[in-house]
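Reproduced below: query_31.cif, with mmCIF, C-alpha atoms and all ligand atoms.
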```cif
data_coords
loop_
_atom_site.label_atom_id
_atom_site.label_comp_id
_atom_site.auth_asym_id
_atom_site.auth_seq_id
_atom_site.Cartn_x
_atom_site.Cartn_y
_atom_site.Cartn_z
CA MET A 267 14.12 8.33 -13.69
CA THR A 268 16.18 7.81 -10.50
CA HIS A 269 16.63 4.22 -9.27
CA LEU A 270 17.72 3.34 -5.73
CA LEU A 271 17.24 -0.39 -6.07
CA SER A 272 20.02 -2.16 -7.92
CA ASP A 273 19.34 -5.30 -9.96
CA GLU A 274 21.59 -7.19 -7.56
CA LEU A 275 19.62 -6.09 -4.49
CA LEU A 276 16.35 -7.00 -6.20
CA ALA A 277 17.69 -10.42 -7.17
CA GLY A 278 18.42 -11.08 -3.47
CA LEU A 279 14.84 -10.16 -2.60
CA ARG A 280 13.49 -12.56 -5.23
CA GLU A 281 15.66 -15.36 -3.97
CA ARG A 282 14.34 -14.98 -0.43
CA ALA A 283 10.69 -14.37 -1.37
CA ALA A 284 9.87 -18.06 -1.87
CA ASP A 285 11.40 -19.04 1.50
CA ASN A 286 9.67 -16.23 3.36
CA ASP A 287 6.36 -17.28 1.80
CA ARG A 288 6.87 -20.95 2.66
CA ASP A 289 8.01 -20.21 6.22
CA ASN A 290 5.45 -17.44 6.81
CA ALA A 291 8.44 -15.31 7.83
CA PHE A 292 8.93 -11.54 7.94
CA PHE A 293 11.41 -10.13 5.40
CA VAL A 294 14.15 -9.33 7.91
CA GLU A 295 17.08 -9.52 5.46
CA ASP A 296 15.23 -7.60 2.76
CA LEU A 297 14.57 -4.79 5.22
CA ALA A 298 18.26 -4.63 6.18
CA ASP A 299 19.26 -4.42 2.50
CA LEU A 300 16.67 -1.73 1.81
CA GLN A 301 17.75 0.31 4.84
CA ALA A 302 21.40 0.02 3.78
CA VAL A 303 20.70 1.79 0.48
CA GLY A 304 18.50 4.45 2.10
CA TYR A 305 15.33 3.16 0.49
CA LEU A 306 13.17 4.00 3.49
CA ALA A 307 14.00 7.64 2.84
CA ALA A 308 13.40 7.34 -0.90
CA MET A 309 10.70 10.00 -1.01
CA VAL A 310 12.10 12.16 1.78
CA PRO A 311 13.22 15.49 0.29
CA ALA A 312 16.99 15.96 0.07
CA ALA A 313 16.78 18.88 2.53
CA PHE A 314 15.66 16.37 5.20
CA GLY A 315 18.38 13.86 4.35
CA GLY A 316 16.46 11.69 1.87
CA ALA A 317 16.86 10.69 -1.75
CA GLY A 318 14.11 13.05 -2.92
CA LEU A 319 12.42 10.68 -5.36
CA THR A 320 9.13 11.91 -6.74
CA LEU A 321 5.91 9.97 -6.18
CA ARG A 322 6.14 8.78 -9.78
CA GLU A 323 9.71 7.55 -9.33
CA THR A 324 8.78 5.82 -6.08
CA ALA A 325 5.81 4.13 -7.77
CA HIS A 326 8.21 2.73 -10.37
CA GLU A 327 10.64 1.51 -7.70
CA GLN A 328 7.80 -0.08 -5.74
CA ALA A 329 6.60 -1.87 -8.88
CA ARG A 330 10.13 -3.15 -9.56
CA MET A 331 10.35 -4.42 -6.01
CA ALA A 332 6.90 -6.05 -6.20
CA ALA A 333 8.02 -7.88 -9.34
CA HIS A 334 10.71 -9.50 -7.17
CA ALA A 335 9.12 -9.77 -3.71
CA PRO A 336 5.46 -8.72 -3.62
CA ALA A 337 4.91 -9.07 0.13
CA THR A 338 8.04 -7.07 0.94
CA ALA A 339 6.92 -4.34 -1.45
CA LEU A 340 3.40 -4.25 0.00
CA ALA A 341 4.63 -3.90 3.58
CA VAL A 342 7.33 -1.33 2.75
CA ASN A 343 4.59 0.52 0.93
CA MET A 344 2.86 1.30 4.24
CA HIS A 345 6.03 3.13 5.33
CA HIS A 346 6.22 5.02 2.04
CA VAL A 347 2.57 6.03 2.37
CA TRP A 348 3.43 8.00 5.51
CA VAL A 349 6.48 9.56 3.93
CA GLY A 350 4.24 10.42 0.98
CA VAL A 351 1.81 12.21 3.30
CA GLY A 352 4.63 14.13 4.98
CA ARG A 353 5.95 15.19 1.63
CA TYR A 354 2.49 16.04 0.27
CA LEU A 355 1.92 18.38 3.22
CA HIS A 356 5.44 19.85 3.18
CA GLU A 357 5.25 20.69 -0.52
CA ARG A 358 1.98 22.52 0.14
CA GLY A 359 3.38 24.65 2.95
CA ASP A 360 2.22 22.51 5.91
CA SER A 361 5.13 21.48 8.12
CA SER A 362 3.13 19.34 10.60
CA LEU A 363 4.78 16.11 9.41
CA ASP A 364 8.29 17.47 8.84
CA TRP A 365 9.37 15.53 11.96
CA LEU A 366 8.25 12.34 10.18
CA LEU A 367 10.39 13.14 7.16
CA GLU A 368 13.37 13.64 9.47
CA GLU A 369 12.67 10.43 11.39
CA ALA A 370 12.24 8.40 8.19
CA ALA A 371 15.64 9.69 7.07
CA SER A 372 17.17 8.69 10.41
CA GLY A 373 15.97 5.08 10.15
CA GLU A 374 12.55 4.89 11.83
CA VAL A 375 10.12 2.42 10.24
CA PHE A 376 6.51 3.53 9.96
CA GLY A 377 3.44 1.29 10.12
CA PHE A 378 -0.12 2.07 9.12
CA GLY A 379 -2.57 1.13 11.89
CA TYR A 380 -5.89 2.25 10.45
CA SER A 381 -7.89 -0.87 9.43
CA GLU A 382 -10.31 -2.20 12.02
CA PRO A 383 -12.64 -5.20 12.18
CA GLY A 384 -16.01 -4.31 10.73
CA ASN A 385 -15.10 -0.71 9.87
CA ASP A 386 -16.16 -0.09 6.29
CA LEU A 387 -16.00 3.68 6.88
CA VAL A 388 -12.19 3.34 6.67
CA LEU A 389 -10.86 6.93 6.98
CA LEU A 390 -14.26 8.40 7.80
CA GLY A 391 -14.88 6.71 11.15
CA SER A 392 -13.27 4.56 13.83
CA ARG A 393 -14.19 1.90 16.38
CA THR A 394 -11.02 2.69 18.36
CA GLU A 395 -11.46 4.91 21.38
CA ALA A 396 -9.15 7.93 21.50
CA ARG A 397 -9.04 8.94 25.16
CA PRO A 398 -7.79 12.50 25.83
CA ASP A 399 -5.00 12.83 28.40
CA GLY A 400 -5.95 16.41 29.28
CA ALA A 401 -2.68 17.79 27.91
CA GLY A 402 -3.46 17.60 24.20
CA GLY A 403 -2.38 13.99 23.82
CA TYR A 404 -4.42 10.81 23.48
CA SER A 405 -4.28 7.16 24.44
CA PHE A 406 -5.80 4.61 22.09
CA HIS A 407 -7.96 1.58 22.92
CA GLY A 408 -9.17 -0.79 20.22
CA THR A 409 -8.13 -3.40 17.68
CA LYS A 410 -6.37 -2.71 14.42
CA ILE A 411 -6.19 -5.47 11.83
CA PHE A 412 -3.80 -6.20 8.97
CA THR A 413 -0.96 -4.10 10.41
CA SER A 414 1.82 -4.78 7.91
CA ASN A 415 5.45 -4.55 9.12
CA SER A 416 4.26 -5.73 12.55
CA PRO A 417 7.66 -7.11 13.62
CA ALA A 418 9.54 -4.00 12.51
CA TRP A 419 7.58 -0.77 12.79
CA THR A 420 8.94 1.71 15.29
CA ARG A 421 6.23 4.34 14.71
CA LEU A 422 2.58 3.50 14.07
CA GLY A 423 0.11 5.95 12.53
CA VAL A 424 -3.28 5.37 14.16
CA LEU A 425 -6.84 6.62 13.94
CA GLY A 426 -9.34 6.73 16.81
CA LEU A 427 -12.54 8.50 17.82
CA ASP A 428 -12.76 10.91 20.74
CA SER A 429 -16.40 11.00 21.88
CA SER A 430 -15.61 12.28 25.36
CA GLY A 431 -17.04 15.70 24.64
CA GLY A 432 -14.33 18.16 25.44
CA GLY A 433 -10.88 16.83 26.13
CA HIS A 434 -8.86 18.98 23.77
CA PRO A 435 -8.58 22.70 24.45
CA GLY A 436 -10.63 24.83 22.07
CA ARG A 437 -12.15 22.07 19.98
CA GLY A 438 -15.77 22.17 21.26
CA ARG A 439 -17.76 19.17 22.40
CA GLU A 440 -18.40 17.32 19.16
CA PRO A 441 -16.78 13.90 18.51
CA ARG A 442 -13.49 14.09 16.67
CA LEU A 443 -11.49 11.61 14.64
CA VAL A 444 -7.97 11.67 16.03
CA HIS A 445 -5.06 11.03 13.64
CA ALA A 446 -1.87 10.44 15.62
CA PHE A 447 1.35 8.45 15.94
CA VAL A 448 2.38 6.11 18.75
CA THR A 449 5.80 4.56 19.23
CA ARG A 450 6.89 0.97 19.73
CA ASP A 451 9.01 2.01 22.73
CA GLY A 452 5.99 3.64 24.35
CA GLY A 453 4.13 0.31 24.64
CA GLY A 454 0.41 0.08 25.40
CA PHE A 455 -0.30 -2.44 22.65
CA GLU A 456 -0.08 -6.14 21.88
CA ILE A 457 0.74 -7.65 18.50
CA LEU A 458 -1.14 -10.92 18.02
CA ASP A 459 0.47 -13.92 16.37
CA ASP A 460 -2.45 -14.38 13.97
CA TRP A 461 -1.00 -13.95 10.46
CA ASP A 462 -1.59 -17.16 8.50
CA THR A 463 -2.91 -16.15 5.10
CA ILE A 464 -2.88 -17.60 1.60
CA GLY A 465 -0.78 -14.77 0.19
CA MET A 466 1.37 -11.74 1.05
CA ARG A 467 2.70 -13.86 3.89
CA ALA A 468 6.02 -12.08 4.43
CA SER A 469 4.19 -8.79 5.11
CA GLN A 470 3.28 -10.18 8.56
CA SER A 471 0.23 -7.92 8.73
CA ARG A 472 -0.83 -9.06 12.19
CA SER A 473 -3.58 -7.68 14.42
CA THR A 474 -2.58 -4.95 16.86
CA VAL A 475 -4.54 -4.55 20.07
CA LEU A 476 -4.14 -1.00 21.32
CA ASP A 477 -4.59 -0.78 25.07
CA GLY A 478 -3.34 2.59 26.17
CA ALA A 479 -0.77 3.28 23.44
CA HIS A 480 -0.11 6.98 23.91
CA ALA A 481 0.49 9.84 21.51
CA PRO A 482 1.69 13.09 23.13
CA ALA A 483 0.25 16.39 21.90
CA ASP A 484 3.00 16.93 19.33
CA ARG A 485 2.20 13.57 17.72
CA VAL A 486 -1.51 14.33 17.40
CA LEU A 487 -1.78 15.55 13.84
CA ARG A 488 -5.45 16.14 13.18
CA LEU A 489 -8.78 16.31 15.04
CA LEU A 490 -11.43 16.10 12.35
CA PRO A 491 -15.20 15.69 12.38
CA PRO A 492 -16.20 12.11 11.47
CA GLY A 493 -17.22 11.77 7.82
CA PRO A 494 -15.86 13.00 4.51
CA SER A 495 -13.07 15.55 4.69
CA LEU A 496 -11.04 17.58 2.26
CA ASP A 497 -8.35 18.20 4.88
CA PRO A 498 -4.93 17.96 3.19
CA TYR A 499 -3.92 15.29 5.72
CA VAL A 500 -6.77 13.06 4.53
CA LEU A 501 -6.11 13.87 0.87
CA GLY A 502 -2.43 13.10 1.43
CA ILE A 503 -3.20 9.70 2.97
CA PHE A 504 -5.75 8.84 0.33
CA THR A 505 -3.69 9.78 -2.69
CA SER A 506 -0.38 8.30 -1.44
CA PHE A 507 -2.09 5.10 -0.37
CA GLU A 508 -4.05 4.45 -3.56
CA VAL A 509 -1.23 5.33 -5.95
CA LEU A 510 1.55 3.40 -4.19
CA LEU A 511 -0.71 0.42 -3.61
CA ALA A 512 -1.60 0.37 -7.30
CA SER A 513 2.10 0.36 -8.17
CA VAL A 514 2.69 -2.83 -6.13
CA TYR A 515 0.00 -4.70 -8.04
CA ALA A 516 1.21 -3.27 -11.36
CA GLY A 517 4.63 -4.74 -10.54
CA ILE A 518 3.12 -8.17 -9.80
CA ALA A 519 1.38 -8.12 -13.18
CA ASP A 520 4.58 -7.00 -14.95
CA ARG A 521 6.34 -10.04 -13.51
CA ALA A 522 3.47 -12.37 -14.44
CA LEU A 523 3.75 -11.19 -18.04
CA GLU A 524 7.51 -11.78 -17.99
CA LEU A 525 7.01 -15.31 -16.64
CA ALA A 526 4.29 -16.04 -19.21
CA VAL A 527 6.60 -15.01 -22.06
CA GLU A 528 9.34 -17.22 -20.58
CA ALA A 529 6.96 -20.18 -20.25
CA ALA A 530 5.66 -19.76 -23.81
CA GLY A 531 9.24 -20.02 -25.06
CA LYS A 532 9.98 -23.12 -22.99
CA ARG A 533 6.84 -25.22 -23.45
CA THR A 534 6.52 -27.22 -26.65
CA SER A 535 3.31 -28.54 -28.18
CA MET A 536 3.13 -32.21 -29.10
CA LYS A 537 0.44 -31.27 -31.60
CA THR A 538 2.64 -28.99 -33.68
CA GLY A 539 6.14 -29.77 -32.42
CA LYS A 540 6.63 -26.04 -31.99
CA ALA A 541 7.11 -23.83 -28.95
CA TYR A 542 3.94 -22.40 -27.39
CA SER A 543 5.20 -18.99 -28.42
CA GLN A 544 4.14 -20.04 -31.95
CA ASP A 545 0.63 -20.94 -30.85
CA PRO A 546 -1.86 -18.25 -32.00
CA ASP A 547 -4.03 -18.64 -28.87
CA VAL A 548 -1.03 -18.24 -26.56
CA ARG A 549 0.21 -15.28 -28.60
CA ARG A 550 -3.17 -13.59 -28.30
CA ARG A 551 -3.31 -14.19 -24.54
CA ILE A 552 0.15 -12.69 -24.05
CA ALA A 553 -0.69 -9.74 -26.27
CA ASP A 554 -3.86 -9.18 -24.21
CA MET A 555 -1.80 -9.09 -21.02
CA ALA A 556 0.63 -6.60 -22.51
CA LEU A 557 -2.18 -4.37 -23.79
CA ALA A 558 -3.64 -4.28 -20.28
CA GLN A 559 -0.27 -3.46 -18.70
CA ASP A 560 0.45 -0.70 -21.23
CA SER A 561 -2.76 1.00 -20.15
CA VAL A 562 -1.99 0.49 -16.46
CA TRP A 563 1.34 2.28 -16.79
CA LEU A 564 -0.17 5.15 -18.79
CA GLN A 565 -2.63 5.67 -15.95
CA LEU A 566 -0.06 5.34 -13.18
CA ASP A 567 2.38 7.68 -14.90
CA GLY A 568 -0.32 10.23 -15.73
CA ILE A 569 -1.75 10.44 -12.23
CA THR A 570 1.58 10.41 -10.39
CA ARG A 571 2.93 13.09 -12.73
CA ASP A 572 -0.07 15.32 -12.02
CA LEU A 573 0.11 14.68 -8.28
CA ASP A 574 3.82 15.56 -8.27
CA ALA A 575 3.34 18.67 -10.38
CA SER A 576 0.20 19.88 -8.56
CA ALA A 577 2.35 20.82 -5.56
CA SER A 578 3.74 23.76 -7.52
CA ASP A 579 1.05 24.18 -10.17
CA PRO A 580 -2.38 24.73 -8.60
CA THR A 581 -4.08 24.41 -12.01
CA LEU A 582 -3.34 20.67 -11.80
CA ASP A 583 -4.87 20.29 -8.34
CA ARG A 584 -8.09 18.31 -8.69
CA GLY A 585 -9.25 18.86 -5.08
CA ALA A 586 -12.05 16.36 -4.31
CA GLY A 587 -11.51 14.97 -7.82
CA TRP A 588 -8.40 13.19 -6.51
CA PHE A 589 -10.65 10.75 -4.65
CA ARG A 590 -12.29 9.63 -7.88
CA ALA A 591 -9.00 9.65 -9.81
CA THR A 592 -6.95 7.63 -7.33
CA ALA A 593 -9.68 5.24 -6.10
CA GLY A 594 -10.44 4.47 -9.75
CA LEU A 595 -6.76 3.96 -10.47
CA LYS A 596 -6.40 1.50 -7.58
CA VAL A 597 -9.42 -0.54 -8.63
CA ARG A 598 -8.52 -0.63 -12.33
CA VAL A 599 -4.89 -1.56 -11.66
CA THR A 600 -5.60 -4.27 -9.07
CA GLU A 601 -8.37 -5.80 -11.19
CA ALA A 602 -6.15 -5.74 -14.30
CA ALA A 603 -3.37 -7.38 -12.29
CA ARG A 604 -5.64 -10.25 -11.22
CA GLU A 605 -6.66 -10.76 -14.85
CA VAL A 606 -3.05 -10.66 -16.09
CA VAL A 607 -1.86 -13.18 -13.48
CA ASP A 608 -4.80 -15.43 -14.35
CA GLN A 609 -3.86 -15.32 -18.05
CA ALA A 610 -0.20 -15.99 -17.21
CA ILE A 611 -1.19 -19.11 -15.30
CA ARG A 612 -3.19 -20.38 -18.27
CA VAL A 613 -0.14 -19.85 -20.51
CA ALA A 614 2.32 -21.48 -18.10
CA GLY A 615 0.07 -24.44 -17.26
CA GLY A 616 -0.29 -26.90 -14.38
CA SER A 617 3.20 -26.42 -12.95
CA THR A 618 1.92 -23.16 -11.46
CA TYR A 619 -0.40 -25.16 -9.21
CA PHE A 620 2.57 -26.26 -7.10
CA ASN A 621 3.41 -24.17 -4.05
CA ARG A 622 7.00 -23.82 -5.23
CA SER A 623 5.88 -22.04 -8.41
CA GLU A 624 6.54 -18.29 -8.51
CA LEU A 625 3.46 -17.73 -10.67
CA GLY A 626 1.39 -19.78 -8.24
CA ARG A 627 2.58 -17.45 -5.46
CA LEU A 628 1.77 -14.37 -7.53
CA TYR A 629 -1.73 -15.80 -7.99
CA ARG A 630 -2.15 -15.91 -4.20
CA ASP A 631 -0.49 -12.54 -3.62
CA VAL A 632 -2.42 -10.64 -6.26
CA LEU A 633 -5.72 -11.59 -4.64
CA ALA A 634 -4.95 -9.26 -1.71
CA GLY A 635 -5.48 -6.33 -4.07
CA ILE A 636 -9.25 -6.64 -3.83
CA PHE A 637 -9.29 -6.25 -0.05
CA HIS A 638 -7.41 -2.98 0.27
CA PRO A 639 -9.33 0.26 0.24
CA SER A 640 -10.77 1.54 -1.97
CA SER A 641 -12.86 -1.57 -2.54
CA ASP A 642 -14.55 -1.97 -5.87
CA ASP A 643 -17.87 -0.97 -4.26
CA ALA A 644 -16.41 2.07 -2.51
CA ALA A 645 -14.74 3.29 -5.72
CA HIS A 646 -18.03 2.94 -7.60
CA ALA A 647 -19.83 4.89 -4.86
CA THR A 648 -17.20 7.67 -5.11
CA VAL A 649 -17.55 7.88 -8.87
CA ALA A 650 -21.37 7.76 -8.70
CA GLN A 651 -21.32 10.59 -6.15
CA SER A 652 -19.10 12.70 -8.38
CA LEU A 653 -21.63 12.28 -11.22
CA LEU A 654 -24.98 12.06 -9.42
CA GLY A 655 -24.41 13.94 -6.16
CA PRO A 656 -24.73 12.41 -2.67
CA LEU A 657 -27.14 9.57 -1.91
CA GLU A 658 -30.36 10.93 -0.32
C1 LIG A 701 -1.92 -8.17 2.75
C2 LIG A 701 -2.65 -7.02 3.38
C3 LIG A 701 -1.95 -6.03 4.04
C4 LIG A 701 -2.62 -4.97 4.63
N1 LIG A 701 -1.90 -4.01 5.30
C5 LIG A 701 -2.55 -3.04 5.99
C6 LIG A 701 -1.83 -2.11 6.81
O1 LIG A 701 -0.60 -2.14 6.92
N2 LIG A 701 -2.53 -1.19 7.50
C7 LIG A 701 -3.89 -1.11 7.45
O2 LIG A 701 -4.46 -0.23 8.10
N3 LIG A 701 -4.60 -1.97 6.67
C8 LIG A 701 -3.97 -2.93 5.95
N4 LIG A 701 -4.69 -3.83 5.20
C9 LIG A 701 -6.14 -3.91 5.46
C10 LIG A 701 -7.03 -3.69 4.31
O3 LIG A 701 -6.72 -2.51 3.79
C11 LIG A 701 -8.51 -3.90 4.70
O4 LIG A 701 -8.89 -3.03 5.69
C12 LIG A 701 -8.72 -5.30 5.19
O5 LIG A 701 -8.41 -6.15 4.13
C13 LIG A 701 -10.14 -5.53 5.72
O6 LIG A 701 -10.99 -5.81 4.68
P1 LIG A 701 -12.53 -6.12 4.93
O7 LIG A 701 -13.17 -4.94 5.60
O8 LIG A 701 -13.09 -6.61 3.67
O9 LIG A 701 -12.45 -7.31 5.96
P2 LIG A 701 -13.57 -8.08 6.76
O10 LIG A 701 -13.51 -9.50 6.33
O11 LIG A 701 -14.90 -7.38 6.68
O12 LIG A 701 -13.05 -7.93 8.23
C14 LIG A 701 -11.76 -8.34 8.66
C15 LIG A 701 -11.86 -8.92 10.06
O13 LIG A 701 -12.76 -8.22 10.88
C16 LIG A 701 -13.77 -9.09 11.38
N5 LIG A 701 -15.07 -8.37 11.37
C17 LIG A 701 -15.76 -8.04 10.27
N6 LIG A 701 -16.88 -7.37 10.60
C18 LIG A 701 -16.87 -7.30 11.97
C19 LIG A 701 -17.75 -6.71 12.93
N7 LIG A 701 -18.85 -6.07 12.56
N8 LIG A 701 -17.38 -6.78 14.21
C20 LIG A 701 -16.28 -7.42 14.60
N9 LIG A 701 -15.41 -8.01 13.74
C21 LIG A 701 -15.71 -7.93 12.46
C22 LIG A 701 -13.76 -10.28 10.47
O14 LIG A 701 -14.20 -11.44 11.12
C23 LIG A 701 -12.32 -10.36 10.08
O15 LIG A 701 -11.57 -11.04 11.03
C24 LIG A 701 -4.04 -4.89 4.55
C25 LIG A 701 -4.73 -5.89 3.87
C26 LIG A 701 -4.06 -6.94 3.27
C27 LIG A 701 -4.86 -7.97 2.54
#
```

Would you encode the structure as structure tokens?
Amino acid sequence: MTHLLSDELLAGLRERAADNDRDNAFFVEDLADLQAVGYLAAMVPAAFGGAGLTLRETAHEQARMAAHAPATALAVNMHHVWVGVGRYLHERGDSSLDWLLEEAASGEVFGFGYSEPGNDLVLLGSRTEARPDGAGGYSFHGTKIFTSNSPAWTRLGVLGLDSSGGGHPGRGREPRLVHAFVTRDGGGFEILDDWDTIGMRASQSRSTVLDGAHAPADRVLRLLPPGPSLDPYVLGIFTSFEVLLASVYAGIADRALELAVEAAGKRTSMKTGKAYSQDPDVRRRIADMALAQDSVWLQLDGITRDLDASASDPTLDRGAGWFRATAGLKVRVTEAAREVVDQAIRVAGGSTYFNRSELGRLYRDVLAGIFHPSSDDAAHATVAQSLLGPLE
């Protein structure tokens, strides 16, 4: 397994994580350190100037980072998701995002501007207007929420709906979902100063108001009918997003387990005069956490291995089955992480209730896992559909 993140670099991230959380500050120094070791090109193939890590290796690195600085890992994840899509397409013979792989290797930072207020269709619909420019490009008008990396992205992947009925040559008159990229330099957007959350504070996932942000024709990647799609672009987004997101929360839970073991060794019972690590209830709790994490890593390793290998071995390609596999993975891993952090807090005791406590922070950070797509409800709907067919 290739590692790009040294223990020393990770220790620096952990040291700053508490301050960034307290100050509600973006992880400026972390980003500089990560850029210096080429981490933003971790998954970029070597031919494009990257480190060529597999999805599985990147998931492990992301988990290691999340165990040190969860909010940094979550925000950097949004960048890796795009690199993951570029790589997914490239490995399957589609070069439409090769430019993104090159730009990631040359230092551009990618943001993910898809979430919108009140849009529970997620990838299948949009409240943002995509206005055709008559030359194959689009300008975007609408509000995106939770845009991680807000202070730092230089390229933003966006989704909008073109209902104008005929702006793009040869695409007919039906509405189309427009997947495209806009640039920070190009303007046409405002980033609101509205990020004041209970957790994942350093991610600075502020709202982005798009008001004319423009993507030229060569940065318009897909025009797809609204609704479910098996287009490789959508599959690439879905699989990269769910898997890498799961790895962040797996890393948080790994750290919670580590801290629980540490606390059990340090706390002593007045009842018995022994360390808590000798208490049968504490031992069982810690064993429970480890059993959960063992299963999490089996799942993450299994699915990332298959996703990596399916690029060259079509017998491993699950097609629409990837939606069920990766949505299920995300929900199981994020739910397990919440449970593990909760158990860790019970082992470590009341000190975790102080804001300065790392476990207390993990408790706040891990909660974000339930809000990311796929939600618990959406994952259940996907699985039900795979077993029972579509809802009539
Ligand atoms: C830490 C963190 C980082 C994230 N990073 C990213 C990212 O980088 N990119 C990205 O695309 N997504 C990101 N997400 C977004 C996430 O994936 C979800 O889309 C988000 O949590 C919204 O969840 P929700 O639909 O349950 O929110 P909701 O609570 O339903 O909605 C969120 C906001 O929209 C408003 N709203 C709800 N319904 C309506 C309505 N009908 N009309 C008008 N306003 C309405 C609410 O008042 C609220 O302000 C991130 C989420 C978190 C927690």

How would you report the residues lying within 7 Å of ligand LIG 701 (chain A), as a ChimeraX atom specification, if you count all atoms listed in the file? /A:340-341,344,377-386,411-415,466,469,471,634-635,637-639

8 Å contact set for A:Ala483, only C-alpha atoms, chain neighbours under 5 positions out, as number ranges by chain: A: 401-404

Would you pick out the contacts of stretch 278-284 of chain A at 9 Å or less, using all atoms listed in the file, so that residues sharing its chain but fewer than 5 positions from it are not included, and give the list as a ChimeraX atom specification? /A:273,289,293,295-296,299,331,333-338,468,622-624,627

Considering only C-alpha atoms, return as a compact mmCIF listing (two decimals) with C-alpha atoms, in the coordinates of the input whatever protein or nucleic-acid residues lie within 8 Å of A:Gln609, sequence-local ones (same chain, fewer than 3 positions apart) excluded.
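Resulting contents of part-v8.txt:
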```txt
# COMPACT_ATOMS: atom_id res chain seq x y z
CA ARG A 551 -3.31 -14.19 -24.54
CA ILE A 552 0.15 -12.69 -24.05
CA MET A 555 -1.80 -9.09 -21.02
CA GLU A 605 -6.66 -10.76 -14.85
CA VAL A 606 -3.05 -10.66 -16.09
CA ARG A 612 -3.19 -20.38 -18.27
CA VAL A 613 -0.14 -19.85 -20.51
```

Between atom CA of A:Leu625 and atom CA of A:Arg550, what distance in Å does the model show, to one decimal?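 The value is 19.3 Å.
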
Using all atoms listed in the file, find the one residue out of A:Ala317, A:Leu270, A:Val548, A:Leu501 that sits nearest to A:Thr592.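 When distances to A:Thr592 are compared using all atoms listed in the file, the smallest one comes from A:Leu501.
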
May I ask which of the residues A:Leu654, A:Leu355, A:Met309, A:Leu566 is the closest one to A:Val509, counting only C-alpha atoms? A:Leu566

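For the pair atom CA of A:Ser506 and atom CA of A:Leu595, the separation is 11.9 Å.
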
In terms of all atoms listed in the file, the residue from A:Ala479, A:Ala522, A:Leu458, A:Leu363 at minimal distance from A:Ser405 is A:Ala479

With a distance cut-off of 7 Å and only C-alpha atoms, select the neighbouring residues of stretch 512-521 of chain A, excluding the residue or stretch itself and same-chain residues fewer than 5 positions from it, and output the selection as a PyMOL selection string. chain A and resi 325-326+328-330+332-333+336+339-340+596+599-600+603+606-607+628+632+635

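Taking atom CA of A:Gly465 and atom CA of A:Phe292 as the two end points, the separation is 12.8 Å.
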
Measuring atom to atom with all atoms listed in the file, identify which of A:Ala529, A:Ala298, A:Leu633, A:Val349 is nearest to A:Ile464. A:Leu633
